[in-house]
Every structure is written in C-alpha cells, then in structure tokens.
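Heads up, query.txt below (compact mmCIF, N, CA and C atoms):
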# COMPACT_ATOMS: atom_id res chain seq x y z
N MET P 1 4.11 -11.63 -15.26
CA MET P 1 4.86 -10.73 -14.41
C MET P 1 4.33 -10.85 -12.98
N PRO P 2 5.22 -11.05 -11.99
CA PRO P 2 4.76 -11.23 -10.61
C PRO P 2 4.32 -9.91 -9.97
N LEU P 3 3.58 -10.05 -8.88
CA LEU P 3 3.16 -8.89 -8.11
C LEU P 3 4.38 -8.15 -7.59
N GLU P 4 4.38 -6.84 -7.73
CA GLU P 4 5.45 -5.98 -7.22
C GLU P 4 4.85 -4.96 -6.28
N ALA P 5 5.59 -4.59 -5.24
CA ALA P 5 5.21 -3.49 -4.34
C ALA P 5 6.16 -2.35 -4.61
N ILE P 6 5.62 -1.25 -5.10
CA ILE P 6 6.45 -0.10 -5.49
C ILE P 6 6.04 1.11 -4.66
N ALA P 7 7.01 1.71 -3.97
CA ALA P 7 6.76 2.89 -3.15
C ALA P 7 6.73 4.12 -4.05
N ILE P 8 5.68 4.91 -3.90
CA ILE P 8 5.59 6.17 -4.65
C ILE P 8 5.39 7.31 -3.67
N ASN P 9 5.79 8.50 -4.10
CA ASN P 9 5.55 9.69 -3.29
C ASN P 9 4.90 10.79 -4.12
N SER P 10 4.21 10.35 -5.17
CA SER P 10 3.47 11.25 -6.04
C SER P 10 2.43 10.43 -6.80
N LEU P 11 1.23 10.96 -6.92
CA LEU P 11 0.18 10.23 -7.63
C LEU P 11 0.36 10.27 -9.14
N ASP P 12 1.35 11.03 -9.62
CA ASP P 12 1.62 11.01 -11.05
C ASP P 12 2.91 10.24 -11.35
N ALA P 13 3.30 9.35 -10.43
CA ALA P 13 4.48 8.50 -10.64
C ALA P 13 4.26 7.66 -11.91
N PRO P 14 5.31 7.44 -12.66
CA PRO P 14 5.18 6.73 -13.94
C PRO P 14 5.15 5.20 -13.78
N LEU P 15 4.18 4.68 -13.05
CA LEU P 15 4.08 3.24 -12.83
C LEU P 15 3.46 2.51 -14.01
N ILE P 16 2.50 3.16 -14.67
CA ILE P 16 1.83 2.54 -15.81
C ILE P 16 2.67 2.85 -17.05
N LYS P 17 3.13 1.80 -17.71
CA LYS P 17 4.08 1.99 -18.82
C LYS P 17 3.49 2.79 -19.99
N LYS P 18 2.26 2.49 -20.36
CA LYS P 18 1.62 3.21 -21.47
C LYS P 18 0.25 3.72 -21.03
N PRO P 19 0.25 4.81 -20.24
CA PRO P 19 -1.04 5.32 -19.78
C PRO P 19 -1.91 5.79 -20.95
N VAL P 20 -3.19 5.57 -20.83
CA VAL P 20 -4.14 5.97 -21.86
C VAL P 20 -4.49 7.44 -21.73
N ARG P 21 -4.43 7.95 -20.48
CA ARG P 21 -4.80 9.34 -20.22
C ARG P 21 -3.97 9.90 -19.07
N ASP P 22 -3.95 11.22 -18.95
CA ASP P 22 -3.27 11.87 -17.82
C ASP P 22 -3.98 11.45 -16.53
N ASN P 23 -3.24 11.37 -15.46
CA ASN P 23 -3.78 11.04 -14.14
C ASN P 23 -4.36 9.63 -14.06
N GLU P 24 -3.97 8.75 -14.96
CA GLU P 24 -4.55 7.40 -14.96
C GLU P 24 -4.25 6.64 -13.67
N LEU P 25 -3.03 6.77 -13.15
CA LEU P 25 -2.70 6.07 -11.90
C LEU P 25 -3.60 6.55 -10.77
N ALA P 26 -3.73 7.85 -10.61
CA ALA P 26 -4.59 8.40 -9.55
C ALA P 26 -6.04 7.95 -9.73
N GLU P 27 -6.52 7.96 -10.96
CA GLU P 27 -7.90 7.52 -11.22
C GLU P 27 -8.09 6.04 -10.86
N ARG P 28 -7.12 5.22 -11.22
CA ARG P 28 -7.22 3.78 -10.92
C ARG P 28 -7.15 3.53 -9.41
N LEU P 29 -6.28 4.28 -8.72
CA LEU P 29 -6.18 4.12 -7.27
C LEU P 29 -7.46 4.58 -6.58
N GLN P 30 -8.02 5.68 -7.04
CA GLN P 30 -9.28 6.16 -6.47
C GLN P 30 -10.38 5.12 -6.67
N ALA P 31 -10.46 4.55 -7.85
CA ALA P 31 -11.47 3.52 -8.13
C ALA P 31 -11.23 2.28 -7.27
N LEU P 32 -9.98 1.94 -7.04
CA LEU P 32 -9.64 0.80 -6.20
C LEU P 32 -10.17 1.02 -4.78
N TYR P 33 -9.93 2.19 -4.23
CA TYR P 33 -10.44 2.50 -2.89
C TYR P 33 -11.96 2.62 -2.87
N ASP P 34 -12.52 3.20 -3.92
CA ASP P 34 -13.99 3.32 -3.98
C ASP P 34 -14.67 1.96 -4.00
N SER P 35 -13.99 0.95 -4.53
CA SER P 35 -14.58 -0.39 -4.63
C SER P 35 -14.49 -1.17 -3.31
N ASP P 36 -13.81 -0.60 -2.31
CA ASP P 36 -13.55 -1.30 -1.06
C ASP P 36 -14.39 -0.70 0.07
N ASP P 37 -15.41 -1.42 0.49
CA ASP P 37 -16.30 -0.93 1.55
C ASP P 37 -15.59 -0.79 2.90
N ALA P 38 -14.46 -1.45 3.07
CA ALA P 38 -13.73 -1.39 4.33
C ALA P 38 -12.88 -0.12 4.44
N GLN P 39 -12.77 0.65 3.37
CA GLN P 39 -11.94 1.85 3.37
C GLN P 39 -12.80 3.09 3.13
N PRO P 40 -12.27 4.25 3.54
CA PRO P 40 -12.98 5.50 3.23
C PRO P 40 -13.05 5.72 1.72
N ASP P 41 -13.81 6.71 1.33
CA ASP P 41 -13.94 7.13 -0.06
C ASP P 41 -12.56 7.31 -0.68
N GLY P 42 -12.42 6.89 -1.95
CA GLY P 42 -11.14 6.95 -2.63
C GLY P 42 -10.51 8.33 -2.67
N LEU P 43 -11.31 9.34 -2.93
CA LEU P 43 -10.78 10.71 -2.98
C LEU P 43 -10.26 11.13 -1.61
N GLU P 44 -10.97 10.74 -0.56
CA GLU P 44 -10.54 11.06 0.81
C GLU P 44 -9.19 10.40 1.12
N VAL P 45 -9.05 9.12 0.78
CA VAL P 45 -7.79 8.41 1.03
C VAL P 45 -6.65 9.06 0.25
N LEU P 46 -6.89 9.36 -1.02
CA LEU P 46 -5.82 9.97 -1.83
C LEU P 46 -5.44 11.35 -1.32
N ASN P 47 -6.40 12.11 -0.79
CA ASN P 47 -6.07 13.41 -0.20
C ASN P 47 -5.18 13.24 1.04
N ILE P 48 -5.49 12.24 1.87
CA ILE P 48 -4.67 11.96 3.05
C ILE P 48 -3.27 11.54 2.62
N VAL P 49 -3.21 10.68 1.63
CA VAL P 49 -1.92 10.19 1.13
C VAL P 49 -1.10 11.36 0.55
N GLU P 50 -1.74 12.24 -0.20
CA GLU P 50 -1.02 13.39 -0.77
C GLU P 50 -0.47 14.30 0.33
N GLN P 51 -1.22 14.46 1.42
CA GLN P 51 -0.71 15.24 2.56
C GLN P 51 0.52 14.53 3.14
N GLY P 52 0.46 13.21 3.19
CA GLY P 52 1.60 12.43 3.67
C GLY P 52 2.82 12.58 2.77
N PHE P 53 2.59 12.64 1.46
CA PHE P 53 3.70 12.83 0.52
C PHE P 53 4.49 14.09 0.87
N LYS P 54 3.80 15.13 1.29
CA LYS P 54 4.45 16.40 1.63
C LYS P 54 5.36 16.26 2.84
N ARG P 55 5.13 15.22 3.66
CA ARG P 55 5.94 14.97 4.84
C ARG P 55 6.90 13.79 4.64
N GLY P 56 7.07 13.38 3.39
CA GLY P 56 8.02 12.31 3.08
C GLY P 56 7.47 10.91 3.24
N GLN P 57 6.15 10.76 3.30
CA GLN P 57 5.53 9.45 3.45
C GLN P 57 5.36 8.79 2.07
N TYR P 58 4.97 7.51 2.08
CA TYR P 58 4.83 6.75 0.84
C TYR P 58 3.50 6.05 0.73
N LEU P 59 3.14 5.76 -0.50
CA LEU P 59 2.05 4.84 -0.79
C LEU P 59 2.69 3.70 -1.57
N TYR P 60 2.51 2.50 -1.07
CA TYR P 60 2.97 1.34 -1.82
C TYR P 60 1.84 0.90 -2.74
N VAL P 61 2.18 0.70 -3.98
CA VAL P 61 1.22 0.26 -4.98
C VAL P 61 1.63 -1.13 -5.44
N GLY P 62 0.67 -2.04 -5.42
CA GLY P 62 0.91 -3.39 -5.91
C GLY P 62 0.59 -3.44 -7.38
N MET P 63 1.60 -3.63 -8.19
CA MET P 63 1.42 -3.65 -9.64
C MET P 63 1.47 -5.08 -10.15
N PHE P 64 0.56 -5.39 -11.06
CA PHE P 64 0.52 -6.70 -11.70
C PHE P 64 0.05 -6.49 -13.13
N ASN P 65 0.85 -6.93 -14.09
CA ASN P 65 0.53 -6.73 -15.51
C ASN P 65 0.23 -5.27 -15.84
N ASP P 66 1.07 -4.38 -15.32
CA ASP P 66 0.99 -2.95 -15.60
C ASP P 66 -0.28 -2.28 -15.07
N LYS P 67 -0.91 -2.90 -14.07
CA LYS P 67 -2.10 -2.31 -13.46
C LYS P 67 -1.98 -2.34 -11.94
N PRO P 68 -2.43 -1.27 -11.27
CA PRO P 68 -2.42 -1.29 -9.80
C PRO P 68 -3.56 -2.19 -9.29
N ILE P 69 -3.19 -3.22 -8.51
CA ILE P 69 -4.22 -4.12 -7.97
C ILE P 69 -4.27 -4.09 -6.45
N ALA P 70 -3.36 -3.34 -5.83
CA ALA P 70 -3.34 -3.23 -4.37
C ALA P 70 -2.64 -1.93 -3.99
N ALA P 71 -2.94 -1.45 -2.79
CA ALA P 71 -2.27 -0.25 -2.29
C ALA P 71 -2.34 -0.24 -0.77
N VAL P 72 -1.33 0.33 -0.16
CA VAL P 72 -1.31 0.55 1.29
C VAL P 72 -0.41 1.75 1.57
N ALA P 73 -0.87 2.61 2.48
CA ALA P 73 -0.08 3.77 2.87
C ALA P 73 0.94 3.34 3.92
N CYS P 74 2.12 3.91 3.84
CA CYS P 74 3.20 3.64 4.79
C CYS P 74 3.63 4.97 5.38
N PHE P 75 3.23 5.20 6.63
CA PHE P 75 3.48 6.47 7.29
C PHE P 75 4.47 6.32 8.43
N ASP P 76 5.29 7.31 8.62
CA ASP P 76 6.18 7.38 9.78
C ASP P 76 5.30 7.80 10.95
N ASP P 77 5.40 7.10 12.08
CA ASP P 77 4.53 7.46 13.20
C ASP P 77 4.95 8.75 13.88
N GLY P 78 6.12 9.27 13.53
CA GLY P 78 6.54 10.57 14.04
C GLY P 78 7.15 10.54 15.43
N GLN P 79 7.10 9.42 16.11
CA GLN P 79 7.62 9.35 17.47
C GLN P 79 8.67 8.27 17.66
N THR P 80 8.59 7.23 16.86
CA THR P 80 9.55 6.14 16.96
C THR P 80 10.04 5.84 15.55
N ASN P 81 10.78 4.76 15.42
CA ASN P 81 11.23 4.35 14.09
C ASN P 81 10.25 3.40 13.43
N ALA P 82 9.09 3.21 14.05
CA ALA P 82 8.07 2.30 13.50
C ALA P 82 7.39 2.94 12.30
N LYS P 83 6.89 2.08 11.42
CA LYS P 83 6.10 2.52 10.27
C LYS P 83 4.66 2.07 10.48
N ARG P 84 3.74 2.97 10.21
CA ARG P 84 2.32 2.68 10.33
C ARG P 84 1.78 2.35 8.94
N LEU P 85 1.21 1.16 8.82
CA LEU P 85 0.60 0.75 7.57
C LEU P 85 -0.91 0.93 7.69
N GLN P 86 -1.50 1.57 6.69
CA GLN P 86 -2.92 1.94 6.77
C GLN P 86 -3.51 2.01 5.36
N TYR P 87 -4.82 1.85 5.29
CA TYR P 87 -5.56 1.97 4.03
C TYR P 87 -5.19 0.89 3.02
N LEU P 88 -5.16 -0.36 3.48
CA LEU P 88 -4.91 -1.48 2.58
C LEU P 88 -6.14 -1.75 1.73
N THR P 89 -5.94 -1.84 0.44
CA THR P 89 -7.02 -2.22 -0.46
C THR P 89 -6.47 -3.14 -1.54
N VAL P 90 -7.33 -4.02 -2.03
CA VAL P 90 -6.98 -4.96 -3.08
C VAL P 90 -8.12 -4.95 -4.10
N HIS P 91 -7.77 -5.06 -5.36
CA HIS P 91 -8.78 -5.08 -6.44
C HIS P 91 -9.82 -6.16 -6.15
N PRO P 92 -11.10 -5.87 -6.40
CA PRO P 92 -12.17 -6.83 -6.08
C PRO P 92 -11.95 -8.23 -6.65
N GLU P 93 -11.40 -8.34 -7.85
CA GLU P 93 -11.19 -9.66 -8.45
C GLU P 93 -10.07 -10.45 -7.77
N ASN P 94 -9.29 -9.77 -6.93
CA ASN P 94 -8.16 -10.44 -6.26
C ASN P 94 -8.39 -10.61 -4.76
N ARG P 95 -9.54 -10.19 -4.26
CA ARG P 95 -9.82 -10.37 -2.84
C ARG P 95 -10.07 -11.84 -2.54
N LYS P 96 -9.76 -12.22 -1.32
CA LYS P 96 -9.93 -13.60 -0.85
C LYS P 96 -9.03 -14.58 -1.60
N ARG P 97 -7.91 -14.07 -2.11
CA ARG P 97 -6.95 -14.93 -2.82
C ARG P 97 -5.55 -14.78 -2.20
N ALA P 98 -5.49 -14.24 -0.98
CA ALA P 98 -4.24 -14.04 -0.23
C ALA P 98 -3.30 -13.03 -0.88
N ILE P 99 -3.80 -12.25 -1.83
CA ILE P 99 -2.99 -11.19 -2.43
C ILE P 99 -2.64 -10.16 -1.36
N ASP P 100 -3.59 -9.89 -0.45
CA ASP P 100 -3.34 -8.90 0.59
C ASP P 100 -2.15 -9.30 1.45
N ALA P 101 -2.06 -10.58 1.83
CA ALA P 101 -0.95 -11.04 2.65
C ALA P 101 0.37 -10.99 1.87
N LYS P 102 0.35 -11.42 0.63
CA LYS P 102 1.57 -11.39 -0.19
C LYS P 102 2.04 -9.94 -0.36
N PHE P 103 1.09 -9.04 -0.60
CA PHE P 103 1.43 -7.63 -0.80
C PHE P 103 2.02 -7.03 0.48
N ILE P 104 1.41 -7.29 1.63
CA ILE P 104 1.93 -6.77 2.90
C ILE P 104 3.34 -7.31 3.14
N LYS P 105 3.59 -8.57 2.82
CA LYS P 105 4.92 -9.15 2.98
C LYS P 105 5.93 -8.44 2.07
N LEU P 106 5.54 -8.13 0.85
CA LEU P 106 6.42 -7.39 -0.06
C LEU P 106 6.76 -6.01 0.50
N VAL P 107 5.74 -5.31 1.03
CA VAL P 107 5.95 -3.99 1.63
C VAL P 107 6.88 -4.11 2.84
N TYR P 108 6.60 -5.10 3.69
CA TYR P 108 7.43 -5.37 4.86
C TYR P 108 8.90 -5.55 4.44
N ASP P 109 9.13 -6.40 3.46
CA ASP P 109 10.50 -6.66 2.99
C ASP P 109 11.18 -5.38 2.50
N CYS P 110 10.46 -4.55 1.75
CA CYS P 110 11.02 -3.29 1.26
C CYS P 110 11.42 -2.38 2.41
N GLU P 111 10.55 -2.26 3.41
CA GLU P 111 10.81 -1.37 4.54
C GLU P 111 11.92 -1.91 5.44
N VAL P 112 11.99 -3.22 5.62
CA VAL P 112 13.06 -3.81 6.43
C VAL P 112 14.41 -3.54 5.77
N ARG P 113 14.46 -3.63 4.44
CA ARG P 113 15.71 -3.31 3.73
C ARG P 113 16.13 -1.86 3.96
N LYS P 114 15.18 -0.99 4.24
CA LYS P 114 15.48 0.42 4.53
C LYS P 114 15.87 0.62 5.99
N GLY P 115 15.76 -0.43 6.80
CA GLY P 115 16.17 -0.34 8.20
C GLY P 115 15.02 -0.28 9.20
N VAL P 116 13.80 -0.36 8.75
CA VAL P 116 12.66 -0.35 9.67
C VAL P 116 12.65 -1.65 10.46
N ARG P 117 12.41 -1.55 11.77
CA ARG P 117 12.45 -2.73 12.64
C ARG P 117 11.10 -3.04 13.28
N GLU P 118 10.15 -2.09 13.19
CA GLU P 118 8.85 -2.29 13.85
C GLU P 118 7.75 -1.66 13.01
N PHE P 119 6.58 -2.31 13.04
CA PHE P 119 5.43 -1.85 12.26
C PHE P 119 4.21 -1.72 13.16
N VAL P 120 3.38 -0.75 12.81
CA VAL P 120 2.14 -0.53 13.53
C VAL P 120 1.00 -0.63 12.52
N PRO P 121 0.31 -1.77 12.49
CA PRO P 121 -0.82 -1.90 11.57
C PRO P 121 -1.98 -1.06 12.09
N ALA P 122 -2.53 -0.20 11.25
CA ALA P 122 -3.55 0.74 11.69
C ALA P 122 -4.97 0.24 11.46
N ASP P 123 -5.13 -0.93 10.86
CA ASP P 123 -6.49 -1.46 10.75
C ASP P 123 -6.48 -2.97 10.97
N ALA P 124 -7.64 -3.53 11.19
CA ALA P 124 -7.78 -4.93 11.59
C ALA P 124 -7.22 -5.91 10.57
N ASP P 125 -7.46 -5.69 9.28
CA ASP P 125 -6.96 -6.61 8.26
C ASP P 125 -5.44 -6.66 8.23
N ILE P 126 -4.81 -5.50 8.29
CA ILE P 126 -3.35 -5.45 8.28
C ILE P 126 -2.81 -6.10 9.56
N HIS P 127 -3.45 -5.81 10.68
CA HIS P 127 -3.00 -6.40 11.96
C HIS P 127 -3.10 -7.92 11.91
N ARG P 128 -4.20 -8.44 11.38
CA ARG P 128 -4.38 -9.89 11.28
C ARG P 128 -3.27 -10.51 10.44
N ILE P 129 -3.00 -9.92 9.29
CA ILE P 129 -1.95 -10.45 8.41
C ILE P 129 -0.59 -10.40 9.08
N MET P 130 -0.25 -9.25 9.64
CA MET P 130 1.09 -9.08 10.21
C MET P 130 1.27 -9.94 11.46
N SER P 131 0.21 -10.14 12.22
CA SER P 131 0.30 -11.01 13.40
C SER P 131 0.46 -12.47 12.97
N GLU P 132 -0.36 -12.89 12.03
CA GLU P 132 -0.34 -14.27 11.56
C GLU P 132 1.02 -14.66 11.00
N TYR P 133 1.65 -13.75 10.28
CA TYR P 133 2.93 -14.05 9.65
C TYR P 133 4.13 -13.51 10.46
N GLU P 134 3.85 -13.05 11.68
CA GLU P 134 4.89 -12.54 12.59
C GLU P 134 5.73 -11.44 11.94
N LEU P 135 5.03 -10.43 11.42
CA LEU P 135 5.70 -9.32 10.73
C LEU P 135 5.63 -8.00 11.49
N LEU P 136 5.19 -8.03 12.74
CA LEU P 136 5.05 -6.79 13.49
C LEU P 136 6.39 -6.20 13.90
N ARG P 137 7.34 -7.07 14.15
CA ARG P 137 8.66 -6.63 14.61
C ARG P 137 9.71 -7.54 13.98
N VAL P 138 10.79 -6.95 13.54
CA VAL P 138 11.88 -7.72 12.94
C VAL P 138 12.60 -8.45 14.06
N LYS P 139 12.79 -9.74 13.87
CA LYS P 139 13.51 -10.55 14.88
C LYS P 139 15.00 -10.29 14.73
N ASP P 140 15.63 -10.00 15.84
CA ASP P 140 17.09 -9.76 15.81
C ASP P 140 17.86 -11.04 15.96

Since I need it in another form, could you write the structure as structure tokens?
Amino acid sequence: MPLEAIAINSLDAPLIKKPVRDNELAERLQALYDSDDAQPDGLEVLNIVEQGFKRGQYLYVGMFNDKPIAAVACFDDGQTNAKRLQYLTVHPENRKRAIDAKFIKLVYDCEVRKGVREFVPADADIHRIMSEYELLRVKD
C-alpha cells in the first residue's frame, strides 16, 4: 500500500483500521513527535494541533500499511489564502529516505485541489523541501 496523506481534524479519527486500544492514533502520533529531536514534545504539538482543530485547521497524517509514519500541521495563516505547514515529522526508520519530500508533495497536492495557491513553510526542513521542488506557490 503506498504512502497516503490524510487530513484529519480530530485525534480520534478512524485512520487505523483495527486499533488495538482506544486513542491509538493519538498515542502513535505523540510517540512520532517524541522521537523527533527537531520538533517540540509530542504532547505539546498535539495540544497545539487540537487547538487548531477548534478553528478548522488540519493535521495531515502519512499512513503506510495502516500505521502513521509522518505528520504535518496545515494551518490557515488567518490573513491571506496561504496555508502554513508546520511540525513535520517522519518515523525514525523512514528518515533520510525522502519520505518527508514525498509526504509534503502529497499534502501540497491535496491543498491545491482545495484551491490553495500559496504556502508558508514554518520550519527549515519544510522550507528546504518546498523550495527545492518549487512548491511554495502554484504556478498559474
């Protein structure tokens, strides 16, 4: 099964087909962020994301073989039609394998289909990927 980018607006979204326990998605996402030294503590990120959910924001989750292996928050900047991408993380076993770039491209494609024309990468890794692949602004 190929990598998918799925937008969620709740940490109890039914992404895992056969969860072993309640809150498994949230637990896996927290562990994913906790394993990433480039990101804040997993609980802190999920609290920020949950606040964003209340304002209609999304978290894109990269699913592969029924497991979350990547995540990035997609926030409305509140002033323009641009989307701010922040808190990119990838499972440790998939780092340095260009999964981050593929995942950002999947998120970009989903948002462009919704009509987004400009992106604001909020951290260096996302900016590097989006600049390298010319994904900061949709070409007209």

Could you write out as lines of an AutoDock Vina configuration file the box around range 50-69 of chain P (axis-aligned, all atoms listed in the file, 5 Å on each side), with centre and edge lengths in Å to one decimal?
center_x = 1.9
center_y = 4.7
center_z = -5.5
size_x = 22.3
size_y = 33.3
size_z = 30.7

Using DSSP on the backbone coordinates, identify the residues of chain P assigned to strand (DSSP E or B); present them as an MDAnalysis selection string. chainID P and resid 4:8 58:64 67:76 83:90 118:121 137

Output file for the selection above: N, CA and C atoms, as an mmCIF file, keeping the file's coordinate frame:
data_model
loop_
_atom_site.group_PDB
_atom_site.id
_atom_site.type_symbol
_atom_site.label_atom_id
_atom_site.label_comp_id
_atom_site.auth_asym_id
_atom_site.auth_seq_id
_atom_site.Cartn_x
_atom_site.Cartn_y
_atom_site.Cartn_z
ATOM 1 N N GLU P 4 4.380 -6.840 -7.730
ATOM 2 C CA GLU P 4 5.450 -5.980 -7.220
ATOM 3 C C GLU P 4 4.850 -4.960 -6.280
ATOM 4 N N ALA P 5 5.590 -4.590 -5.240
ATOM 5 C CA ALA P 5 5.210 -3.490 -4.340
ATOM 6 C C ALA P 5 6.160 -2.350 -4.610
ATOM 7 N N ILE P 6 5.620 -1.250 -5.100
ATOM 8 C CA ILE P 6 6.450 -0.100 -5.490
ATOM 9 C C ILE P 6 6.040 1.110 -4.660
ATOM 10 N N ALA P 7 7.010 1.710 -3.970
ATOM 11 C CA ALA P 7 6.760 2.890 -3.150
ATOM 12 C C ALA P 7 6.730 4.120 -4.050
ATOM 13 N N ILE P 8 5.680 4.910 -3.900
ATOM 14 C CA ILE P 8 5.590 6.170 -4.650
ATOM 15 C C ILE P 8 5.390 7.310 -3.670
ATOM 16 N N TYR P 58 4.970 7.510 2.080
ATOM 17 C CA TYR P 58 4.830 6.750 0.840
ATOM 18 C C TYR P 58 3.500 6.050 0.730
ATOM 19 N N LEU P 59 3.140 5.760 -0.500
ATOM 20 C CA LEU P 59 2.050 4.840 -0.790
ATOM 21 C C LEU P 59 2.690 3.700 -1.570
ATOM 22 N N TYR P 60 2.510 2.500 -1.070
ATOM 23 C CA TYR P 60 2.970 1.340 -1.820
ATOM 24 C C TYR P 60 1.840 0.900 -2.740
ATOM 25 N N VAL P 61 2.180 0.700 -3.980
ATOM 26 C CA VAL P 61 1.220 0.260 -4.980
ATOM 27 C C VAL P 61 1.630 -1.130 -5.440
ATOM 28 N N GLY P 62 0.670 -2.040 -5.420
ATOM 29 C CA GLY P 62 0.910 -3.390 -5.910
ATOM 30 C C GLY P 62 0.590 -3.440 -7.380
ATOM 31 N N MET P 63 1.600 -3.630 -8.190
ATOM 32 C CA MET P 63 1.420 -3.650 -9.640
ATOM 33 C C MET P 63 1.470 -5.080 -10.150
ATOM 34 N N PHE P 64 0.560 -5.390 -11.060
ATOM 35 C CA PHE P 64 0.520 -6.700 -11.700
ATOM 36 C C PHE P 64 0.050 -6.490 -13.130
ATOM 37 N N LYS P 67 -0.910 -2.900 -14.070
ATOM 38 C CA LYS P 67 -2.100 -2.310 -13.460
ATOM 39 C C LYS P 67 -1.980 -2.340 -11.940
ATOM 40 N N PRO P 68 -2.430 -1.270 -11.270
ATOM 41 C CA PRO P 68 -2.420 -1.290 -9.800
ATOM 42 C C PRO P 68 -3.560 -2.190 -9.290
ATOM 43 N N ILE P 69 -3.190 -3.220 -8.510
ATOM 44 C CA ILE P 69 -4.220 -4.120 -7.970
ATOM 45 C C ILE P 69 -4.270 -4.090 -6.450
ATOM 46 N N ALA P 70 -3.360 -3.340 -5.830
ATOM 47 C CA ALA P 70 -3.340 -3.230 -4.370
ATOM 48 C C ALA P 70 -2.640 -1.930 -3.990
ATOM 49 N N ALA P 71 -2.940 -1.450 -2.790
ATOM 50 C CA ALA P 71 -2.270 -0.250 -2.290
ATOM 51 C C ALA P 71 -2.340 -0.240 -0.770
ATOM 52 N N VAL P 72 -1.330 0.330 -0.160
ATOM 53 C CA VAL P 72 -1.310 0.550 1.290
ATOM 54 C C VAL P 72 -0.410 1.750 1.570
ATOM 55 N N ALA P 73 -0.870 2.610 2.480
ATOM 56 C CA ALA P 73 -0.080 3.770 2.870
ATOM 57 C C ALA P 73 0.940 3.340 3.920
ATOM 58 N N CYS P 74 2.120 3.910 3.840
ATOM 59 C CA CYS P 74 3.200 3.640 4.790
ATOM 60 C C CYS P 74 3.630 4.970 5.380
ATOM 61 N N PHE P 75 3.230 5.200 6.630
ATOM 62 C CA PHE P 75 3.480 6.470 7.290
ATOM 63 C C PHE P 75 4.470 6.320 8.430
ATOM 64 N N ASP P 76 5.290 7.310 8.620
ATOM 65 C CA ASP P 76 6.180 7.380 9.780
ATOM 66 C C ASP P 76 5.300 7.800 10.950
ATOM 67 N N LYS P 83 6.890 2.080 11.420
ATOM 68 C CA LYS P 83 6.100 2.520 10.270
ATOM 69 C C LYS P 83 4.660 2.070 10.480
ATOM 70 N N ARG P 84 3.740 2.970 10.210
ATOM 71 C CA ARG P 84 2.320 2.680 10.330
ATOM 72 C C ARG P 84 1.780 2.350 8.940
ATOM 73 N N LEU P 85 1.210 1.160 8.820
ATOM 74 C CA LEU P 85 0.600 0.750 7.570
ATOM 75 C C LEU P 85 -0.910 0.930 7.690
ATOM 76 N N GLN P 86 -1.500 1.570 6.690
ATOM 77 C CA GLN P 86 -2.920 1.940 6.770
ATOM 78 C C GLN P 86 -3.510 2.010 5.360
ATOM 79 N N TYR P 87 -4.820 1.850 5.290
ATOM 80 C CA TYR P 87 -5.560 1.970 4.030
ATOM 81 C C TYR P 87 -5.190 0.890 3.020
ATOM 82 N N LEU P 88 -5.160 -0.360 3.480
ATOM 83 C CA LEU P 88 -4.910 -1.480 2.580
ATOM 84 C C LEU P 88 -6.140 -1.750 1.730
ATOM 85 N N THR P 89 -5.940 -1.840 0.440
ATOM 86 C CA THR P 89 -7.020 -2.220 -0.460
ATOM 87 C C THR P 89 -6.470 -3.140 -1.540
ATOM 88 N N VAL P 90 -7.330 -4.020 -2.030
ATOM 89 C CA VAL P 90 -6.980 -4.960 -3.080
ATOM 90 C C VAL P 90 -8.120 -4.950 -4.100
ATOM 91 N N GLU P 118 10.150 -2.090 13.190
ATOM 92 C CA GLU P 118 8.850 -2.290 13.850
ATOM 93 C C GLU P 118 7.750 -1.660 13.010
ATOM 94 N N PHE P 119 6.580 -2.310 13.040
ATOM 95 C CA PHE P 119 5.430 -1.850 12.260
ATOM 96 C C PHE P 119 4.210 -1.720 13.160
ATOM 97 N N VAL P 120 3.380 -0.750 12.810
ATOM 98 C CA VAL P 120 2.140 -0.530 13.530
ATOM 99 C C VAL P 120 1.000 -0.630 12.520
ATOM 100 N N PRO P 121 0.310 -1.770 12.490
ATOM 101 C CA PRO P 121 -0.820 -1.900 11.570
ATOM 102 C C PRO P 121 -1.980 -1.060 12.090
ATOM 103 N N ARG P 137 7.340 -7.070 14.150
ATOM 104 C CA ARG P 137 8.660 -6.630 14.610
ATOM 105 C C ARG P 137 9.710 -7.540 13.980
#

Do a neighbour search on Ala13 in chain P at 10 Å with only C-alpha atoms, toss out local chain neighbours closer than 5 positions, and write the hits as a list in words.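 In the requested format, the answer is Ala7, Ile8, Asn23, Leu25 and Ala26 of chain P.
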
Please determine, counting all atoms listed in the file, which residue among P:Ser131, P:Gly56, P:Leu88, P:Ala98 has the shortest atom-to-atom distance to Gln39 in chain P. P:Leu88

Quick one: of P:Leu32, P:Gly42, P:Tyr58, P:Val112, who's nearest to Asp76 in chain P, counting all atoms listed in the file? P:Tyr58

Fewer than 3 positions away in the same chain doesn't count, so skip those; otherwise give me all residues within 8 Å of Gln86 in chain P, counting only N, CA and C atoms, as a list of chain:residue names.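 Using only N, CA and C atoms, the neighbours found are P:Ala71, P:Val72, P:Ala73, P:Cys74, P:Phe75, P:Lys83, P:Thr89, P:Val120, P:Pro121, P:Ala122, P:Asp123, P:Ile126.
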
If you count only C-alpha atoms, which residues fall within 12 Å of Leu106 in chain P, apart from same-chain ones fewer than 5 positions away, as a list in words? Pro2, Leu3, Glu4, Ala5, Ile6, Ala7, Tyr60, Val61, Gly62, Met63, Ala70, Ala71, Val72, Ile99, Asp100, Ala101, Glu111, Val112, Arg113, Met130 and Leu135 of chain P

Would you compute the distance between CA of Ile69 in chain P and CA of Val90 in chain P? Give it in Å to one decimal.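 Atom-to-atom, CA of Ile69 in chain P and CA of Val90 in chain P are spaced 5.7 Å apart.
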
Where in chain P does DSSP assign helix (DSSP H, G or I), given as a VMD selection string? chain P and resid 24 to 34 42 to 54 92 to 94 99 to 113 124 to 132

Distance of CA of Val107 in chain P from CA of Lys18 in chain P, expressed in Å to one decimal place: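 Straight-line distance from CA of Lys18 in chain P to CA of Val107 in chain P works out to 24.6 Å.
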
d(CA of Val116 in chain P, CA of Gln57 in chain P) in Å: 13.6 Å

With distances taken over all atoms listed in the file, which of P:Lys102, P:Lys139, P:Arg128, P:Lys17 is nearest to Lys67 in chain P?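 Of all the options, P:Lys17 lies closest to Lys67 in chain P.
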
I'd like to know which of P:Gly115, P:Val45, P:Phe53, P:Asp36 is closest to Pro92 in chain P, using all atoms listed in the file.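 Smallest distance to Pro92 in chain P is found for P:Asp36.
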
Extract, using all atoms listed in the file, all DNA, RNA and protein residues at most 6 Å from Arg117 in chain P, discarding same-chain residues fewer than 5 positions from it, and format them as a list in words.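 Using all atoms listed in the file, the neighbours found are Asn81, Val112, Leu136, Arg137 and Val138 of chain P.
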
Pick from P:Leu85, P:Gln51, P:Glu44, P:Arg28 nearest to Phe119 in chain P, counting all atoms listed in the file: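 Residue with the minimum atom-to-atom distance to Phe119 in chain P: P:Leu85.
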
Leu29 in chain P proximity check over P:Lys105, P:Asn9, P:Pro68, P:Glu132, using only N, CA and C atoms: winner is P:Pro68
